[in-house]
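Asker: Here it is, the structure in full.
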Amino acid sequence: MARPKHEVAEIIHRFRADLEKQYELPVQVKKTLTVLGNCRTLAMGGHVSVCTDCGSESISYNSCRNRHCPKCQTVNKERWILARESELLPVPYYHMVFTLPHCFNELLPKHATEIYNGLLKASWQTIQSFAADCKFLGAKAGMVSILHTWGQQLWLHPHVHCIVPGGGLTKSGKWKAAKYKDKYLFPKRAMSLVFRAKFMELLRQKMEVPQTIAKTAFKQNWVVYAKRPFASPKTVVEYLGRYTHKVAISNHRLQTVDSKQVSFSYKDYRDSSQNKVMKVSGVEFLRRFVQHILPHGFVRIRHYGFLASKNKSKELNRAKTDLNEPKWEKQKYSLEQICEERLGIKANQCPSCHSQTWRVIRTLEPERGPPARVKPNLKRWEKMKW
């Protein structure tokens with residue numbers, strides 16, 4: 001894939017100062033903008049590599065590894081997919097999406113942790129309650145949840161993508177398959193009502209919900225989207241890879257960046273998913289972008305039921321034994337494994353002559369001093385040839 005014409009880091013350098021003049025940003029947001037702006041620059045440090053065979057030399061700057069950075073998700077995504085492959089079962093998998101009504105958006109700036117936690121927990125409790133009902137399954141389910149907070153135009157649109165295996169574990173530890181293998185796992189309309197009740201109950205335990213918002217929420221039909229099962233477990237892994245480590249916007253969607261405006265592409269789902277271009281001011285783009293920076297320490301990918309970390313060694317292996325599958329064991333994947341198995345890149349391979357003689361000869365120390373005081377080098381972005 002060709003390198004993008006523009007980067008989110010460029011927009012941060014151009015418009016961050018104006019954004020901070022107009023809006024009061026939380027400390028977590030300021031820290032995130034700093035590391036995203038410095039990602040893969042000398043401010044993060046780096047190293048000089050050389051090929052001992054052909055003499056090619058290259059300077060590589062360190063990544064920030066922040067989960068909101070559009071440039072730092074590839075390795076994390078591939079490592080996560082490798083870890084999930086060993087957990088797959090030879091059963092149908094279902095994709096469900098639980099969406100929060102927009103009437104809660106005004107509470108998010110101050111209560112993001114409570115609302116996002118409630119959204120994730122309510123979606124699991126909904127699946128759990130239907131799975132426990134003998135009419136539908138009568139067993140303990142499992143689920144992988146991924147929180148997304150954005151829409152295509154960067155507006156707040158909190159929703160949870162859930163991957164649910166078509167079956168569960170009975171009390172005796174036996175695998176029980178779902179009744180409707182070629183259809184939806186549970187009825188969408190019923191899940192919508194239960195999801196609304198579960199979320200409101202959880203949220204009211206943590207905070208006082210304004211009556212106007214509560215009335216609006218109960219008048220609306222909450223959206224629970226359910227798809228038919230995936231074709232195969234391998235399809236699940238590839239599908240998960242598209243959702244797990246997404247950020248609010250990728251660099252490839254950025255079309256133009258100038259001294260005043262930013263334009264980016266988006267899909268208009270209300271108009272037959274047509275590709276369109278939106279133009280906004282640089283400050284407005286950053287304002288929308290920072291809305292999706294999660295609270296410090298918040299876990300956006302969660303595993304529930306027999307797929308939870310504490311249950312995998314026993315319950316997942318019981319399911320695998322019953323389905324004649326190899327036993328699951330926790331593994332650690334090195335960078336070399338990820339490069340070779342998922343990215344098709346050999347470790348220490350020279351990009352010029354492709355021999356295994358690529359060596360690091362010198363380390364570049366990161367620049368010291370507060371990055372916010374460093375004047376951004378905008379000429380670098382204007383003169384850069386991609």
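If you're wondering about the labels, chains in the structure tokens are A, B, ... by order shown, residues count from 1 in each chain, ligands from 1 in order shown.
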Excluding A:Cys134 and its own-chain neighbours fewer than 3 positions away, which residues fall within 12 Å of it when counting only C-alpha atoms? Please give them as a PyMOL selection string.

Answerer: chain A and resi 128-131+137-140+167-168+170+176-179

Asker: Out of stretch 25-222 of chain A, which residues get alpha helix (DSSP H) from DSSP, as a ChimeraX atom specification?

Answerer: /A:27-38,74-85,108-132,188-206,211-219

Asker: May I have the selected residues written with C-alpha atoms, as a PDB file, in the first residue's frame?

Answerer:
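So selection22.pdb came out as:
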```
ATOM      1  CA  VAL A  27      -4.367  16.128  30.633  1.00  0.00           C
ATOM      2  CA  GLN A  28      -4.846  12.699  29.028  1.00  0.00           C
ATOM      3  CA  VAL A  29      -5.776  14.329  25.715  1.00  0.00           C
ATOM      4  CA  LYS A  30      -2.746  16.656  25.810  1.00  0.00           C
ATOM      5  CA  LYS A  31      -0.377  13.753  26.502  1.00  0.00           C
ATOM      6  CA  THR A  32      -1.874  11.714  23.675  1.00  0.00           C
ATOM      7  CA  LEU A  33      -1.592  14.575  21.171  1.00  0.00           C
ATOM      8  CA  THR A  34       2.057  15.055  22.161  1.00  0.00           C
ATOM      9  CA  VAL A  35       3.060  11.423  21.585  1.00  0.00           C
ATOM     10  CA  LEU A  36       1.044  11.182  18.346  1.00  0.00           C
ATOM     11  CA  GLY A  37       2.726  14.322  17.031  1.00  0.00           C
ATOM     12  CA  ASN A  38       6.181  12.984  17.921  1.00  0.00           C
ATOM     13  CA  THR A  74      -0.121  -3.126  12.728  1.00  0.00           C
ATOM     14  CA  VAL A  75       2.100  -5.152  15.065  1.00  0.00           C
ATOM     15  CA  ASN A  76      -0.402  -5.011  17.931  1.00  0.00           C
ATOM     16  CA  LYS A  77      -3.196  -6.145  15.604  1.00  0.00           C
ATOM     17  CA  GLU A  78      -1.216  -9.063  14.191  1.00  0.00           C
ATOM     18  CA  ARG A  79      -0.056 -10.184  17.651  1.00  0.00           C
ATOM     19  CA  TRP A  80      -3.660 -10.115  18.877  1.00  0.00           C
ATOM     20  CA  ILE A  81      -4.870 -12.147  15.865  1.00  0.00           C
ATOM     21  CA  LEU A  82      -2.191 -14.800  16.403  1.00  0.00           C
ATOM     22  CA  ALA A  83      -3.281 -15.116  20.029  1.00  0.00           C
ATOM     23  CA  ARG A  84      -6.930 -15.537  19.001  1.00  0.00           C
ATOM     24  CA  GLU A  85      -6.298 -18.193  16.345  1.00  0.00           C
ATOM     25  CA  LEU A 108     -19.489  11.659  27.684  1.00  0.00           C
ATOM     26  CA  PRO A 109     -16.971  14.497  28.298  1.00  0.00           C
ATOM     27  CA  LYS A 110     -17.312  14.070  32.086  1.00  0.00           C
ATOM     28  CA  HIS A 111     -18.579  10.490  32.404  1.00  0.00           C
ATOM     29  CA  ALA A 112     -16.854   8.570  29.605  1.00  0.00           C
ATOM     30  CA  THR A 113     -15.582   5.788  31.883  1.00  0.00           C
ATOM     31  CA  GLU A 114     -19.002   5.106  33.430  1.00  0.00           C
ATOM     32  CA  ILE A 115     -20.850   5.165  30.092  1.00  0.00           C
ATOM     33  CA  TYR A 116     -18.358   3.056  28.148  1.00  0.00           C
ATOM     34  CA  ASN A 117     -18.090   0.525  30.979  1.00  0.00           C
ATOM     35  CA  GLY A 118     -21.874   0.351  31.118  1.00  0.00           C
ATOM     36  CA  LEU A 119     -22.088  -0.167  27.356  1.00  0.00           C
ATOM     37  CA  LEU A 120     -19.612  -3.062  27.398  1.00  0.00           C
ATOM     38  CA  LYS A 121     -21.079  -4.732  30.478  1.00  0.00           C
ATOM     39  CA  ALA A 122     -24.695  -4.310  29.354  1.00  0.00           C
ATOM     40  CA  SER A 123     -23.959  -5.931  25.982  1.00  0.00           C
ATOM     41  CA  TRP A 124     -22.407  -8.958  27.737  1.00  0.00           C
ATOM     42  CA  GLN A 125     -25.204  -9.223  30.291  1.00  0.00           C
ATOM     43  CA  THR A 126     -27.713  -9.185  27.430  1.00  0.00           C
ATOM     44  CA  ILE A 127     -25.969 -12.051  25.622  1.00  0.00           C
ATOM     45  CA  GLN A 128     -25.512 -13.912  28.903  1.00  0.00           C
ATOM     46  CA  SER A 129     -29.181 -13.658  29.861  1.00  0.00           C
ATOM     47  CA  PHE A 130     -30.355 -15.022  26.496  1.00  0.00           C
ATOM     48  CA  ALA A 131     -27.752 -17.792  26.503  1.00  0.00           C
ATOM     49  CA  ALA A 132     -28.791 -18.921  29.989  1.00  0.00           C
ATOM     50  CA  LYS A 188     -32.835  -8.711  17.747  1.00  0.00           C
ATOM     51  CA  ARG A 189     -35.972  -6.959  19.005  1.00  0.00           C
ATOM     52  CA  ALA A 190     -35.907  -8.792  22.323  1.00  0.00           C
ATOM     53  CA  MET A 191     -32.170  -8.131  22.745  1.00  0.00           C
ATOM     54  CA  SER A 192     -32.766  -4.425  22.133  1.00  0.00           C
ATOM     55  CA  LEU A 193     -35.243  -4.186  25.036  1.00  0.00           C
ATOM     56  CA  VAL A 194     -33.056  -6.170  27.428  1.00  0.00           C
ATOM     57  CA  PHE A 195     -29.954  -4.188  26.440  1.00  0.00           C
ATOM     58  CA  ARG A 196     -31.698  -0.883  27.196  1.00  0.00           C
ATOM     59  CA  ALA A 197     -32.821  -2.078  30.631  1.00  0.00           C
ATOM     60  CA  LYS A 198     -29.388  -3.501  31.522  1.00  0.00           C
ATOM     61  CA  PHE A 199     -27.519  -0.353  30.466  1.00  0.00           C
ATOM     62  CA  MET A 200     -29.800   2.035  32.363  1.00  0.00           C
ATOM     63  CA  GLU A 201     -29.555  -0.103  35.485  1.00  0.00           C
ATOM     64  CA  LEU A 202     -25.750  -0.196  35.339  1.00  0.00           C
ATOM     65  CA  LEU A 203     -25.436   3.525  34.609  1.00  0.00           C
ATOM     66  CA  ARG A 204     -27.737   4.532  37.471  1.00  0.00           C
ATOM     67  CA  GLN A 205     -25.577   2.506  39.846  1.00  0.00           C
ATOM     68  CA  LYS A 206     -22.563   4.675  38.955  1.00  0.00           C
ATOM     69  CA  GLN A 211     -34.332  12.877  33.845  1.00  0.00           C
ATOM     70  CA  THR A 212     -34.546  14.528  30.419  1.00  0.00           C
ATOM     71  CA  ILE A 213     -31.915  12.153  29.008  1.00  0.00           C
ATOM     72  CA  ALA A 214     -33.533   9.128  30.663  1.00  0.00           C
ATOM     73  CA  LYS A 215     -36.954   9.975  29.175  1.00  0.00           C
ATOM     74  CA  THR A 216     -35.457  10.449  25.721  1.00  0.00           C
ATOM     75  CA  ALA A 217     -33.568   7.168  26.003  1.00  0.00           C
ATOM     76  CA  PHE A 218     -36.664   5.148  26.926  1.00  0.00           C
ATOM     77  CA  LYS A 219     -38.689   6.669  24.084  1.00  0.00           C
TER      78      LYS A 219
END
```

Asker: Fewer than 2 positions away in the same chain doesn't count, so skip those; otherwise give me all residues within 10 Å of A:Gln331, counting only C-alpha atoms, as a ChimeraX atom specification.

Answerer: /A:82-83,86,328-329,333-334

Asker: Name all residues at most 12 Å from A:Val277 (count only C-alpha atoms; drop same-chain ones fewer than 4 positions away) and give them as a list in words.

Answerer: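 My list of contacting residues is Gln152, Gln153, Arg253, Leu254, Gln255, Thr256, Val262, Ser263, Phe264, Ser265, Tyr266, Lys267 and Asp268 of chain A.
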
Asker: So that I can check the secondary structure, give me every residue of stretch 14-159 of chain A assigned strand (DSSP E or B) by backbone DSSP, as a ChimeraX atom specification.

Answerer: /A:46-51,57-61,93-99,140,142-150,156-159

Asker: Output the selection as a short mmCIF file (atom, residue, chain, number, x, y, z; two decimals), in the first residue's frame - N, CA, C and O atoms for each residue.

Answerer:
```cif
data_model
loop_
_atom_site.label_atom_id
_atom_site.label_comp_id
_atom_site.auth_asym_id
_atom_site.auth_seq_id
_atom_site.Cartn_x
_atom_site.Cartn_y
_atom_site.Cartn_z
N GLY A 46 15.66 6.73 18.05
CA GLY A 46 15.65 5.78 16.94
C GLY A 46 16.96 5.02 16.85
O GLY A 46 17.69 4.91 17.83
N HIS A 47 17.25 4.52 15.65
CA HIS A 47 18.49 3.78 15.45
C HIS A 47 18.90 3.83 13.98
O HIS A 47 18.06 4.04 13.10
N VAL A 48 20.19 3.64 13.77
CA VAL A 48 20.75 3.59 12.41
C VAL A 48 21.08 2.14 12.09
O VAL A 48 21.76 1.48 12.87
N SER A 49 20.57 1.65 10.96
CA SER A 49 20.83 0.27 10.54
C SER A 49 21.60 0.27 9.24
O SER A 49 21.47 1.18 8.41
N VAL A 50 22.42 -0.78 9.06
CA VAL A 50 23.22 -0.90 7.85
C VAL A 50 23.26 -2.37 7.42
O VAL A 50 23.18 -3.27 8.25
N CYS A 51 23.34 -2.59 6.11
CA CYS A 51 23.49 -3.95 5.59
C CYS A 51 24.98 -4.24 5.43
O CYS A 51 25.68 -3.53 4.70
N GLU A 57 22.14 1.83 4.04
CA GLU A 57 22.00 2.39 5.38
C GLU A 57 20.65 3.07 5.52
O GLU A 57 20.11 3.63 4.56
N SER A 58 20.06 3.00 6.72
CA SER A 58 18.73 3.58 6.94
C SER A 58 18.61 4.06 8.38
O SER A 58 19.18 3.45 9.30
N ILE A 59 17.87 5.15 8.54
CA ILE A 59 17.56 5.68 9.87
C ILE A 59 16.09 5.39 10.17
O ILE A 59 15.21 5.71 9.37
N SER A 60 15.82 4.76 11.29
CA SER A 60 14.46 4.44 11.70
C SER A 60 14.18 5.09 13.05
O SER A 60 14.97 4.93 14.00
N TYR A 61 13.08 5.83 13.13
CA TYR A 61 12.71 6.47 14.38
C TYR A 61 11.67 5.62 15.11
O TYR A 61 10.89 4.88 14.49
N TYR A 93 -19.80 -18.62 14.19
CA TYR A 93 -19.56 -17.41 14.98
C TYR A 93 -20.49 -16.31 14.49
O TYR A 93 -20.70 -16.17 13.28
N TYR A 94 -21.02 -15.53 15.43
CA TYR A 94 -21.99 -14.49 15.10
C TYR A 94 -21.42 -13.11 15.42
O TYR A 94 -20.72 -12.94 16.43
N HIS A 95 -21.75 -12.14 14.59
CA HIS A 95 -21.33 -10.76 14.79
C HIS A 95 -22.54 -9.94 15.20
O HIS A 95 -23.56 -9.93 14.51
N MET A 96 -22.44 -9.24 16.35
CA MET A 96 -23.51 -8.37 16.83
C MET A 96 -22.95 -7.00 17.17
O MET A 96 -21.79 -6.88 17.59
N VAL A 97 -23.77 -5.97 16.99
CA VAL A 97 -23.36 -4.60 17.29
C VAL A 97 -24.41 -3.96 18.19
O VAL A 97 -25.58 -3.88 17.83
N PHE A 98 -23.97 -3.52 19.37
CA PHE A 98 -24.84 -2.82 20.31
C PHE A 98 -24.50 -1.34 20.24
O PHE A 98 -23.36 -0.94 20.51
N THR A 99 -25.48 -0.50 19.90
CA THR A 99 -25.26 0.93 19.70
C THR A 99 -25.96 1.74 20.78
O THR A 99 -27.11 1.47 21.13
N LYS A 140 -23.53 -21.57 29.21
CA LYS A 140 -22.69 -20.39 29.44
C LYS A 140 -22.02 -19.98 28.14
O LYS A 140 -21.30 -20.79 27.52
N GLY A 142 -19.72 -17.33 25.50
CA GLY A 142 -18.46 -16.59 25.48
C GLY A 142 -18.59 -15.43 24.50
O GLY A 142 -19.43 -15.47 23.60
N MET A 143 -17.75 -14.42 24.68
CA MET A 143 -17.88 -13.26 23.80
C MET A 143 -16.60 -12.44 23.79
O MET A 143 -15.91 -12.32 24.81
N VAL A 144 -16.27 -11.88 22.63
CA VAL A 144 -15.19 -10.90 22.49
C VAL A 144 -15.83 -9.57 22.11
O VAL A 144 -16.59 -9.50 21.14
N SER A 145 -15.56 -8.52 22.89
CA SER A 145 -16.17 -7.20 22.67
C SER A 145 -15.10 -6.18 22.31
O SER A 145 -14.03 -6.16 22.91
N ILE A 146 -15.43 -5.32 21.35
CA ILE A 146 -14.51 -4.27 20.91
C ILE A 146 -15.29 -2.96 20.88
O ILE A 146 -16.27 -2.84 20.15
N LEU A 147 -14.85 -1.98 21.65
CA LEU A 147 -15.53 -0.68 21.72
C LEU A 147 -15.04 0.24 20.62
O LEU A 147 -13.84 0.45 20.45
N HIS A 148 -15.97 0.80 19.86
CA HIS A 148 -15.70 1.88 18.92
C HIS A 148 -16.54 3.08 19.32
O HIS A 148 -17.70 2.92 19.73
N THR A 149 -15.98 4.27 19.20
CA THR A 149 -16.69 5.47 19.65
C THR A 149 -17.00 6.43 18.51
O THR A 149 -17.57 7.49 18.75
N TRP A 150 -16.64 6.10 17.28
CA TRP A 150 -16.71 7.07 16.19
C TRP A 150 -17.62 6.59 15.07
O TRP A 150 -17.89 5.41 14.88
N LEU A 156 -19.29 11.53 17.56
CA LEU A 156 -19.41 10.52 18.60
C LEU A 156 -20.52 9.53 18.23
O LEU A 156 -21.66 9.92 17.98
N HIS A 157 -20.16 8.26 18.21
CA HIS A 157 -21.12 7.20 17.86
C HIS A 157 -20.70 5.93 18.61
O HIS A 157 -20.21 4.97 18.01
N PRO A 158 -20.88 5.90 19.94
CA PRO A 158 -20.42 4.74 20.72
C PRO A 158 -21.19 3.47 20.38
O PRO A 158 -22.42 3.44 20.40
N HIS A 159 -20.45 2.41 20.08
CA HIS A 159 -21.05 1.11 19.80
C HIS A 159 -20.03 0.02 20.09
O HIS A 159 -18.82 0.26 20.11
#
```

Asker: Could you check the closest approach to A:Arg302 for each of A:Leu89, A:Val160, A:Cys39, A:Leu335 and tell me which residue wins, using only C-alpha atoms?

Answerer: A:Val160

Asker: My list of candidates is A:Lys314, A:Arg300, A:Lys276, A:Arg40. Which is closest to A:Cys162 when distances are computed with only C-alpha atoms?

Answerer: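 Ranking A:Lys314, A:Arg300, A:Lys276, A:Arg40 by distance to A:Cys162, first place goes to A:Arg300.
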
Asker: What's around A:Leu19 at 10 Å? Count only C-alpha atoms, leave out sequence neighbours fewer than 3 positions away in its own chain, and write the answer as a PyMOL selection string.

Answerer: chain A and resi 12+14-16+22-25+282-287

Asker: With only C-alpha atoms as the basis for distance, which of A:Pro229, A:Gly173, A:Pro187, A:Gly55 is at the shortest distance from A:Trp358?

Answerer: A:Gly55

Asker: Write out as a PDB file with N, CA and C atoms, in the first residue's frame which residues come within 12 Å of A:Gln73 when counting only C-alpha atoms, dropping same-chain ones fewer than 3 positions away.

Answerer:
```pdb
ATOM      1  N   SER A  63       8.496   4.258  17.305  1.00  0.00           N
ATOM      2  CA  SER A  63       7.058   4.491  17.314  1.00  0.00           C
ATOM      3  C   SER A  63       6.596   4.847  18.715  1.00  0.00           C
ATOM      4  N   CYS A  64       5.473   5.558  18.787  1.00  0.00           N
ATOM      5  CA  CYS A  64       4.937   5.934  20.099  1.00  0.00           C
ATOM      6  C   CYS A  64       4.175   4.784  20.747  1.00  0.00           C
ATOM      7  N   ARG A  65       3.671   3.833  19.928  1.00  0.00           N
ATOM      8  CA  ARG A  65       2.914   2.659  20.386  1.00  0.00           C
ATOM      9  C   ARG A  65       1.612   3.021  21.081  1.00  0.00           C
ATOM     10  N   ASN A  66       1.149   4.241  20.877  1.00  0.00           N
ATOM     11  CA  ASN A  66      -0.108   4.651  21.497  1.00  0.00           C
ATOM     12  C   ASN A  66      -1.278   4.032  20.742  1.00  0.00           C
ATOM     13  N   ARG A  67      -2.299   3.589  21.460  1.00  0.00           N
ATOM     14  CA  ARG A  67      -3.418   2.886  20.825  1.00  0.00           C
ATOM     15  C   ARG A  67      -4.286   3.803  19.958  1.00  0.00           C
ATOM     16  N   HIS A  68      -4.100   5.123  20.064  1.00  0.00           N
ATOM     17  CA  HIS A  68      -4.857   6.056  19.231  1.00  0.00           C
ATOM     18  C   HIS A  68      -4.093   6.484  17.985  1.00  0.00           C
ATOM     19  N   CYS A  69      -2.877   5.983  17.816  1.00  0.00           N
ATOM     20  CA  CYS A  69      -2.025   6.413  16.709  1.00  0.00           C
ATOM     21  C   CYS A  69      -2.327   5.604  15.453  1.00  0.00           C
ATOM     22  N   PRO A  70      -2.565   6.271  14.322  1.00  0.00           N
ATOM     23  CA  PRO A  70      -2.849   5.549  13.077  1.00  0.00           C
ATOM     24  C   PRO A  70      -1.660   4.763  12.535  1.00  0.00           C
ATOM     25  N   ASN A  76       0.538  -4.651  16.867  1.00  0.00           N
ATOM     26  CA  ASN A  76      -0.402  -5.011  17.931  1.00  0.00           C
ATOM     27  C   ASN A  76      -1.565  -5.834  17.389  1.00  0.00           C
ATOM     28  N   LYS A  77      -2.070  -5.429  16.215  1.00  0.00           N
ATOM     29  CA  LYS A  77      -3.196  -6.145  15.604  1.00  0.00           C
ATOM     30  C   LYS A  77      -2.797  -7.571  15.243  1.00  0.00           C
ATOM     31  N   GLU A  78      -1.636  -7.732  14.615  1.00  0.00           N
ATOM     32  CA  GLU A  78      -1.216  -9.063  14.191  1.00  0.00           C
ATOM     33  C   GLU A  78      -0.901  -9.961  15.385  1.00  0.00           C
ATOM     34  N   ARG A  79      -0.327  -9.397  16.436  1.00  0.00           N
ATOM     35  CA  ARG A  79      -0.056 -10.184  17.651  1.00  0.00           C
ATOM     36  C   ARG A  79      -1.367 -10.652  18.280  1.00  0.00           C
ATOM     37  N   TRP A  80      -2.354  -9.770  18.297  1.00  0.00           N
ATOM     38  CA  TRP A  80      -3.660 -10.115  18.877  1.00  0.00           C
ATOM     39  C   TRP A  80      -4.345 -11.207  18.059  1.00  0.00           C
ATOM     40  N   GLY A 241      -9.536  -8.822  12.702  1.00  0.00           N
ATOM     41  CA  GLY A 241      -8.391  -7.970  12.427  1.00  0.00           C
ATOM     42  C   GLY A 241      -8.771  -6.599  11.905  1.00  0.00           C
ATOM     43  N   ARG A 242      -9.933  -6.496  11.259  1.00  0.00           N
ATOM     44  CA  ARG A 242     -10.374  -5.199  10.739  1.00  0.00           C
ATOM     45  C   ARG A 242     -10.923  -4.302  11.845  1.00  0.00           C
ATOM     46  N   TYR A 243     -11.315  -4.872  12.965  1.00  0.00           N
ATOM     47  CA  TYR A 243     -12.005  -4.096  13.990  1.00  0.00           C
ATOM     48  C   TYR A 243     -11.211  -3.877  15.284  1.00  0.00           C
ATOM     49  N   THR A 244     -10.320  -4.805  15.602  1.00  0.00           N
ATOM     50  CA  THR A 244      -9.719  -4.768  16.935  1.00  0.00           C
ATOM     51  C   THR A 244      -8.911  -3.510  17.224  1.00  0.00           C
ATOM     52  N   HIS A 245      -8.000  -3.158  16.328  1.00  0.00           N
ATOM     53  CA  HIS A 245      -7.088  -2.048  16.615  1.00  0.00           C
ATOM     54  C   HIS A 245      -7.306  -0.854  15.686  1.00  0.00           C
ATOM     55  N   LYS A 246      -8.562  -0.655  15.295  1.00  0.00           N
ATOM     56  CA  LYS A 246      -8.885   0.531  14.507  1.00  0.00           C
ATOM     57  C   LYS A 246      -8.754   1.793  15.353  1.00  0.00           C
ATOM     58  N   VAL A 247      -8.442   2.909  14.693  1.00  0.00           N
ATOM     59  CA  VAL A 247      -8.461   4.215  15.346  1.00  0.00           C
ATOM     60  C   VAL A 247      -9.546   5.051  14.675  1.00  0.00           C
ATOM     61  N   SER A 250      -7.900   6.751   9.717  1.00  0.00           N
ATOM     62  CA  SER A 250      -6.582   6.349   9.231  1.00  0.00           C
ATOM     63  C   SER A 250      -5.978   7.470   8.397  1.00  0.00           C
TER      64      SER A 250
END
```
